Each structure stands twice: as C-alpha cells, then as structure tokens.
$ cat target.cif   # mmCIF, C-alpha atoms
data_data
#
loop_
_atom_site.label_atom_id
_atom_site.label_comp_id
_atom_site.auth_asym_id
_atom_site.auth_seq_id
_atom_site.Cartn_x
_atom_site.Cartn_y
_atom_site.Cartn_z
CA MET A 1 70.26 52.26 63.78
CA LYS A 2 70.75 52.85 67.49
CA GLU A 3 74.17 54.32 66.73
CA THR A 4 72.61 56.73 64.24
CA ILE A 5 69.95 57.86 66.70
CA LEU A 6 72.58 58.45 69.38
CA LEU A 7 74.73 60.49 67.00
CA LEU A 8 71.62 62.48 66.04
CA ALA A 9 70.97 63.18 69.73
CA LEU A 10 74.58 64.30 70.12
CA THR A 11 74.12 66.66 67.17
CA PHE A 12 71.00 68.10 68.81
CA PHE A 13 72.94 68.75 72.01
CA MET A 14 75.66 70.52 70.06
CA ILE A 15 73.06 72.66 68.27
CA ALA A 16 71.62 73.60 71.65
CA ILE A 17 75.08 74.55 72.97
CA ALA A 18 75.73 76.69 69.88
CA LEU A 19 72.42 78.51 70.38
CA LEU A 20 73.30 79.08 74.04
CA LEU A 21 76.71 80.48 73.09
CA TYR A 22 74.81 83.17 71.16
CA ARG A 23 73.07 84.11 74.42
CA VAL A 24 76.39 84.10 76.31
CA ILE A 25 77.99 86.49 73.83
CA VAL A 26 75.03 88.79 73.09
CA GLY A 27 73.13 88.61 76.39
CA PRO A 28 72.12 92.13 77.40
CA SER A 29 72.79 91.65 81.14
CA MET A 30 75.10 89.57 83.30
CA PRO A 31 72.40 87.21 84.74
CA ASP A 32 71.57 86.24 81.15
CA ARG A 33 75.11 85.05 80.70
CA ALA A 34 75.04 83.20 84.04
CA ILE A 35 71.83 81.36 83.10
CA ALA A 36 73.19 80.48 79.66
CA LEU A 37 76.47 79.20 81.13
CA ASP A 38 74.57 77.06 83.63
CA THR A 39 72.49 75.57 80.83
CA ILE A 40 75.63 74.92 78.78
CA GLY A 41 77.03 72.95 81.72
CA VAL A 42 73.83 70.92 82.02
CA ASN A 43 73.86 70.18 78.27
CA LEU A 44 77.50 69.10 78.48
CA ILE A 45 76.54 66.62 81.20
CA SER A 46 74.01 64.95 78.94
CA ALA A 47 76.40 65.07 75.97
CA ILE A 48 78.98 63.21 78.06
CA ALA A 49 76.35 60.58 78.92
CA VAL A 50 75.60 60.09 75.21
CA VAL A 51 79.31 59.89 74.34
CA SER A 52 79.85 57.22 76.99
CA ILE A 53 76.96 55.22 75.50
CA VAL A 54 78.37 55.54 71.97
CA LEU A 55 81.88 54.49 73.02
CA SER A 56 80.35 51.89 75.41
CA THR A 57 82.70 52.76 78.23
CA LYS A 58 82.03 53.61 81.85
CA ALA A 59 85.09 55.79 82.29
CA PHE A 60 83.29 59.06 81.65
CA LEU A 61 80.64 58.67 84.31
CA GLU A 62 82.77 60.38 86.96
CA ALA A 63 83.06 63.38 84.69
CA ILE A 64 79.27 63.74 84.81
CA LEU A 65 79.31 64.21 88.58
CA ILE A 66 82.29 66.56 88.55
CA LEU A 67 80.85 68.69 85.75
CA GLY A 68 77.53 68.92 87.59
CA ILE A 69 79.21 70.10 90.76
CA LEU A 70 81.40 72.60 88.89
CA ALA A 71 78.44 74.06 86.96
CA PHE A 72 76.45 74.46 90.17
CA ILE A 73 79.27 76.12 92.13
CA GLY A 74 80.10 78.37 89.18
CA THR A 75 76.50 79.55 88.95
CA ILE A 76 76.33 80.18 92.70
CA ALA A 77 79.56 82.22 92.63
CA PHE A 78 78.40 84.16 89.58
CA SER A 79 75.03 85.07 91.08
CA LYS A 80 76.60 86.07 94.38
CA TYR A 81 79.05 88.29 92.56
CA ILE A 82 76.21 89.91 90.60
CA GLU A 83 74.19 90.52 93.76
CA ARG A 84 76.84 91.80 96.15
CA GLY A 85 79.98 92.60 94.17
CA VAL A 86 82.08 90.08 96.12
CA ILE A 87 82.24 86.30 96.03
CA VAL A 88 83.67 85.45 99.44
CA ASP A 89 82.53 87.80 102.20
CA ARG A 90 83.73 87.26 105.74
CA LYS A 91 81.93 88.64 108.76
CA GLY A 92 83.88 91.39 110.51
CA ASP A 93 86.23 91.76 107.58
CA SER A 94 86.39 94.85 105.32
CA MET B 1 62.77 41.10 70.15
CA THR B 2 64.03 40.16 73.54
CA VAL B 3 63.55 42.15 76.71
CA LYS B 4 67.14 43.36 76.49
CA GLU B 5 66.59 44.85 73.05
CA ILE B 6 63.36 46.52 74.08
CA LEU B 7 65.09 48.11 77.07
CA GLU B 8 67.93 49.33 74.86
CA TRP B 9 65.48 50.90 72.41
CA ALA B 10 63.67 52.58 75.29
CA ALA B 11 67.00 54.00 76.50
CA VAL B 12 67.93 55.30 73.06
CA LEU B 13 64.52 56.90 72.58
CA LEU B 14 64.77 58.54 76.02
CA VAL B 15 68.12 60.04 74.99
CA LEU B 16 66.62 61.30 71.72
CA PHE B 17 63.66 62.81 73.60
CA GLY B 18 66.06 64.56 75.97
CA SER B 19 68.07 66.04 73.11
CA ILE B 20 64.94 67.38 71.39
CA ILE B 21 63.74 68.97 74.64
CA SER B 22 67.20 70.48 75.04
CA VAL B 23 67.02 72.15 71.62
CA ILE B 24 63.55 73.50 72.48
CA SER B 25 64.94 74.91 75.73
CA ALA B 26 67.79 76.61 73.85
CA PHE B 27 65.27 78.17 71.45
CA GLY B 28 63.39 79.43 74.50
CA LEU B 29 66.56 81.05 75.80
CA ILE B 30 67.03 82.80 72.47
CA LYS B 31 63.46 83.96 71.87
CA LEU B 32 62.05 84.96 75.27
CA PRO B 33 62.12 88.67 76.12
CA ASP B 34 63.86 89.10 79.52
CA VAL B 35 65.89 87.31 82.21
CA TYR B 36 62.95 86.18 84.33
CA THR B 37 61.15 84.44 81.49
CA ARG B 38 64.38 83.02 80.11
CA SER B 39 65.09 81.37 83.46
CA HIS B 40 61.90 79.32 83.02
CA ALA B 41 63.28 77.88 79.79
CA ALA B 42 66.71 77.43 81.32
CA THR B 43 65.69 75.59 84.49
CA LYS B 44 62.50 73.62 83.82
CA SER B 45 62.86 72.21 80.33
CA SER B 46 66.63 71.88 80.55
CA THR B 47 66.29 69.85 83.77
CA LEU B 48 63.76 67.60 82.05
CA ALA B 49 66.18 67.14 79.14
CA VAL B 50 69.15 66.18 81.27
CA LEU B 51 67.06 63.93 83.52
CA SER B 52 65.67 61.92 80.62
CA CYS B 53 69.10 61.72 78.98
CA LEU B 54 70.82 60.45 82.14
CA LEU B 55 67.94 58.03 82.76
CA GLY B 56 68.41 56.73 79.23
CA ALA B 57 72.12 56.21 79.84
CA PHE B 58 71.35 54.43 83.12
CA ILE B 59 68.83 52.08 81.48
CA TYR B 60 71.22 51.42 78.59
CA PHE B 61 74.12 50.42 80.84
CA TRP B 62 71.77 48.40 83.00
CA SER B 63 70.35 46.36 80.12
CA HIS B 64 73.46 46.18 77.94
CA ASP B 65 76.15 45.39 80.50
CA GLY B 66 74.11 44.48 83.56
CA TYR B 67 75.85 47.32 85.33
CA VAL B 68 73.89 49.44 87.83
CA SER B 69 75.75 52.71 87.89
CA ILE B 70 75.63 54.48 91.23
CA ARG B 71 77.35 57.51 89.70
CA LEU B 72 74.56 58.06 87.19
CA ILE B 73 71.94 57.87 89.96
CA LEU B 74 73.97 60.37 91.99
CA GLY B 75 74.24 62.62 88.93
CA ILE B 76 70.47 62.48 88.37
CA ILE B 77 69.75 63.34 92.02
CA PHE B 78 72.34 66.11 92.05
CA VAL B 79 71.05 67.80 88.89
CA PHE B 80 67.47 67.41 90.10
CA ILE B 81 68.31 69.15 93.38
CA THR B 82 70.66 71.89 92.19
CA ALA B 83 69.08 73.18 88.98
CA PRO B 84 66.09 74.90 90.66
CA VAL B 85 68.36 76.35 93.36
CA ALA B 86 70.72 77.84 90.78
CA GLY B 87 67.83 79.26 88.76
CA HIS B 88 66.31 80.86 91.85
CA LEU B 89 69.62 82.39 92.92
CA VAL B 90 70.31 83.87 89.48
CA CYS B 91 66.80 85.35 89.30
CA ARG B 92 67.14 86.83 92.78
CA ALA B 93 70.49 88.37 91.89
CA ALA B 94 69.02 89.74 88.66
CA TYR B 95 66.12 91.37 90.48
CA ARG B 96 68.30 92.84 93.21
CA SER B 97 70.75 94.25 90.69
CA ARG B 98 67.76 95.92 88.99
CA VAL B 99 67.66 94.18 85.67
CA PRO B 100 64.49 95.59 84.03
CA LEU B 101 61.43 93.46 83.28
CA ALA B 102 60.14 93.05 79.75
CA GLU B 103 57.97 95.81 78.27
CA ASN B 104 54.71 93.88 78.27
CA SER B 105 55.01 92.18 81.65
CA GLY B 106 52.32 92.77 84.23
CA GLU B 107 52.32 94.43 87.61
CA ASP B 108 55.55 94.37 89.63
CA GLU B 109 54.53 94.00 93.27
CA LEU B 110 57.98 93.24 94.65
CA LYS B 111 59.34 96.61 93.52
CA ALA B 112 57.28 98.58 96.05
CA VAL B 113 58.38 96.29 98.86
CA LEU B 114 62.02 96.09 97.95
CA PHE B 115 63.03 99.40 96.43
CA ASP B 116 60.55 102.19 97.33
CA GLY B 117 61.08 103.66 100.78
CA ASP B 118 61.42 100.45 102.75
CA ILE B 119 64.91 99.85 101.43
CA ALA B 120 66.27 102.80 103.44
CA ALA B 121 64.80 101.51 106.68
CA VAL B 122 66.04 98.00 106.05
CA THR B 123 69.59 99.06 105.22
CA THR B 124 69.90 101.45 108.18
CA GLU B 125 68.61 98.73 110.48
CA ALA B 126 71.15 96.31 109.09
CA MET B 127 73.96 98.88 109.41
CA THR B 128 73.17 99.66 113.03
CA LYS B 129 73.06 95.96 113.70
CA GLU B 130 76.44 95.42 112.10
CA GLU B 131 78.19 98.45 113.60
CA PRO B 132 79.00 97.14 117.10
CA GLU B 133 80.20 93.89 115.61
CA LYS B 134 82.83 95.67 113.59
CA GLN B 135 84.43 97.61 116.43
#

$ encode --input "target.cif" --output "structure tokens"
Amino acid sequence: MKETILLLALTFFMIAIALLLYRVIVGPSMPDRAIALDTIGVNLISAIAVVSIVLSTKAFLEAILILGILAFIGTIAFSKYIERGVIVDRKGDS
Amino acid sequence: MTVKEILEWAAVLLVLFGSIISVISAFGLIKLPDVYTRSHAATKSSTLAVLSCLLGAFIYFWSHDGYVSIRLILGIIFVFITAPVAGHLVCRAAYRSRVPLAENSGEDELKAVLFDGDIAAVTTEAMTKEEPEKQ
C-alpha cells in the first residue's frame, strides 16, 4: 500500500514535469523558460527523494543537494543573461 | 499500529501531498496569463511541494532506519532559502527586459519610475561614474 502511494506520487511528479516541459517549449518569452526550468529542477529534487524512499537506499541523498545547487546557479546565470546580455561581467573590462 | 508505522504513514502521506501540490503548481504555470503571475505559481506552491516531500523523506528514513539525514535537512534549508531569491531575480530580469504585463492587469507604477524620463538621468549618471574608472 505504501509502495503504491509512493509510485502514485512519483507519477504525479512526472506529470508535473511534462506539463512544465510544455511551458519550456512554448513559453512566449525567455523568463518563462527560466522559471519553468527552475521548477523542473525543484520537481526533480523531490522525485529523487521519492525514488530513494522506494529503493530504500541513502545513496541518492547527495544528488538532492547537488541538483538544488545546480538549479539555483543555472537560474541565476539565466536571469543575469536576460537582464544584461552577459553572464560574467568584470569591472574595468570591455 | 506502532509508533513506527504511524510515522511511516505520515511520511508517505506528506510525500503524496507534496506531489499533488506540485501538479497544481504546474497547472498554474500553464494557465496563468503572464510571467509575473506565473512566478507566483512557480515559487510559492512549488516550494511548499518540495518542502513537504523532503520532510516526508526525512521522517521516513528517521522512523524506518533510525537514520537522521543531515543532507536532507541541508537540502530543505537550501531550497527554502534559494527558491524565493531565484524567483525574484527572474521577475526582475523579466521586468527590466520589458516583458509586457497581461492585458487585464492593473496599474503599473514601476514603469514611470524605471522607464519614463528618469532612465536617461540614471544611465548618464552611471556612465559618468564609470568613465574615469575605465581610463
């Protein structure tokens, strides 16, 4: 029973990711895509947590931290690129 | 039912609650009209979803294996701190790159401050400030 509920939750997360992929592909502007990619990363984090419960292993818990950090840095870089046109700007350069 | 079983059921139900909230948040991202309203769905409800899901995983490992996972606590704190920051930055970038608001949204008070007239003064001030630094 618990197994079934966990697999159902995993299915819900996958449905959410599929809906967000629609927004990534169609999204009328670039910030839409950035927001949808950030939310996909957050949903992947929780999907990994559910997978590690189902397989009853602790090996995936590092992947949660790393995926969180990567999603955050990716969103920051994306929004900075949208705002200024560059990602890394040095003072006194250019 | 022992305490262990009750805790495991609570963890599983927390995970299920998180997944349902996540689907609702994805529907919000599909249905809402523009970037600024979509970011509400993307940051608030999605953060609630991932927090309850990670809390469920934490409680499950705690009750099932007697294992207090520091990594899951760190993940919860990290997501809780960074999701609002990322949402704010994307919204700021969207407004500054002039993504239009939805048709039926109300008054836009930031536009007069940011784009009409004042923008010239601000940019010239910034340029004169940067000029001696360059040479």

$ interface_residues --input "target.cif" --of "chain B" --to "chain A" --cutoff "7 Å" --atoms "only C-alpha atoms" --output "VMD selection string"
chain B and resid 12 15 to 16 19 to 20 22 to 23 26 30 35 39 42 46 50 53 to 54 57 71 to 72 75 79 82 86 89 to 90 93 to 94 96 to 97 133 to 134

$ residues_near_point --input "target.cif" --point "(63.4, 61.1, 78.5)" --cutoff "7 Å" --atoms "only C-alpha atoms" --output "ChimeraX atom specification"
/B:14-15,17-18,49,51-53,55-56

$ closest_residue --input "target.cif" --among "A:Val24, A:Phe60, A:Val88, A:Gly41" --to "Thr43 of chain B" --atoms "all atoms listed in the file"
A:Gly41

$ atom_distance --input "target.cif" --atom1 "atom CA of Leu48 of chain B" --atom2 "atom CA of Leu7 of chain B"
20.2 Å

$ atom_distance --input "target.cif" --atom1 "atom CA of Phe61 of chain B" --atom2 "atom CA of Ser45 of chain B"
24.5 Å

$ atom_distance --input "target.cif" --atom1 "atom CA of His40 of chain B" --atom2 "atom CA of Gly87 of chain B"
8.3 Å

$ decode --input "target.cif" --residues "segment 59-79 of chain A" --atoms "N, CA and C atoms" --output "compact mmCIF listing (two decimals), in the first residue's frame"
# COMPACT_ATOMS: atom_id res chain seq x y z
N ALA A 59 21.85 6.41 -0.94
CA ALA A 59 22.92 6.84 -1.84
C ALA A 59 22.54 8.04 -2.67
N PHE A 60 21.24 8.30 -2.82
CA PHE A 60 20.82 9.38 -3.71
C PHE A 60 20.71 10.72 -3.01
N LEU A 61 20.94 10.74 -1.69
CA LEU A 61 20.65 11.97 -0.97
C LEU A 61 21.67 13.06 -1.27
N GLU A 62 22.88 12.68 -1.71
CA GLU A 62 23.81 13.72 -2.14
C GLU A 62 23.35 14.38 -3.42
N ALA A 63 22.71 13.59 -4.28
CA ALA A 63 22.24 14.13 -5.55
C ALA A 63 21.20 15.21 -5.34
N ILE A 64 20.44 15.12 -4.22
CA ILE A 64 19.46 16.17 -3.93
C ILE A 64 20.15 17.51 -3.74
N LEU A 65 21.21 17.51 -2.91
CA LEU A 65 21.93 18.76 -2.66
C LEU A 65 22.54 19.31 -3.94
N ILE A 66 23.19 18.42 -4.71
CA ILE A 66 23.89 18.90 -5.90
C ILE A 66 22.90 19.44 -6.92
N LEU A 67 21.76 18.76 -7.07
CA LEU A 67 20.76 19.22 -8.04
C LEU A 67 20.16 20.55 -7.60
N GLY A 68 19.98 20.73 -6.28
CA GLY A 68 19.48 22.01 -5.79
C GLY A 68 20.43 23.14 -6.11
N ILE A 69 21.72 22.90 -5.85
CA ILE A 69 22.71 23.94 -6.12
C ILE A 69 22.78 24.24 -7.62
N LEU A 70 22.75 23.19 -8.44
CA LEU A 70 22.85 23.41 -9.89
C LEU A 70 21.64 24.16 -10.42
N ALA A 71 20.44 23.82 -9.92
CA ALA A 71 19.24 24.52 -10.40
C ALA A 71 19.29 25.99 -10.02
N PHE A 72 19.77 26.26 -8.78
CA PHE A 72 19.83 27.66 -8.33
C PHE A 72 20.84 28.46 -9.17
N ILE A 73 22.04 27.90 -9.37
CA ILE A 73 23.06 28.64 -10.12
C ILE A 73 22.63 28.81 -11.57
N GLY A 74 21.99 27.79 -12.13
CA GLY A 74 21.51 27.91 -13.51
C GLY A 74 20.48 29.01 -13.65
N THR A 75 19.57 29.12 -12.68
CA THR A 75 18.56 30.18 -12.75
C THR A 75 19.19 31.55 -12.62
N ILE A 76 20.18 31.67 -11.69
CA ILE A 76 20.85 32.96 -11.52
C ILE A 76 21.55 33.37 -12.81
N ALA A 77 22.28 32.43 -13.43
CA ALA A 77 23.00 32.75 -14.66
C ALA A 77 22.03 33.13 -15.77
N PHE A 78 20.92 32.40 -15.84
CA PHE A 78 19.93 32.67 -16.89
C PHE A 78 19.34 34.07 -16.72
N SER A 79 18.97 34.42 -15.48
CA SER A 79 18.32 35.72 -15.29
C SER A 79 19.31 36.85 -15.50
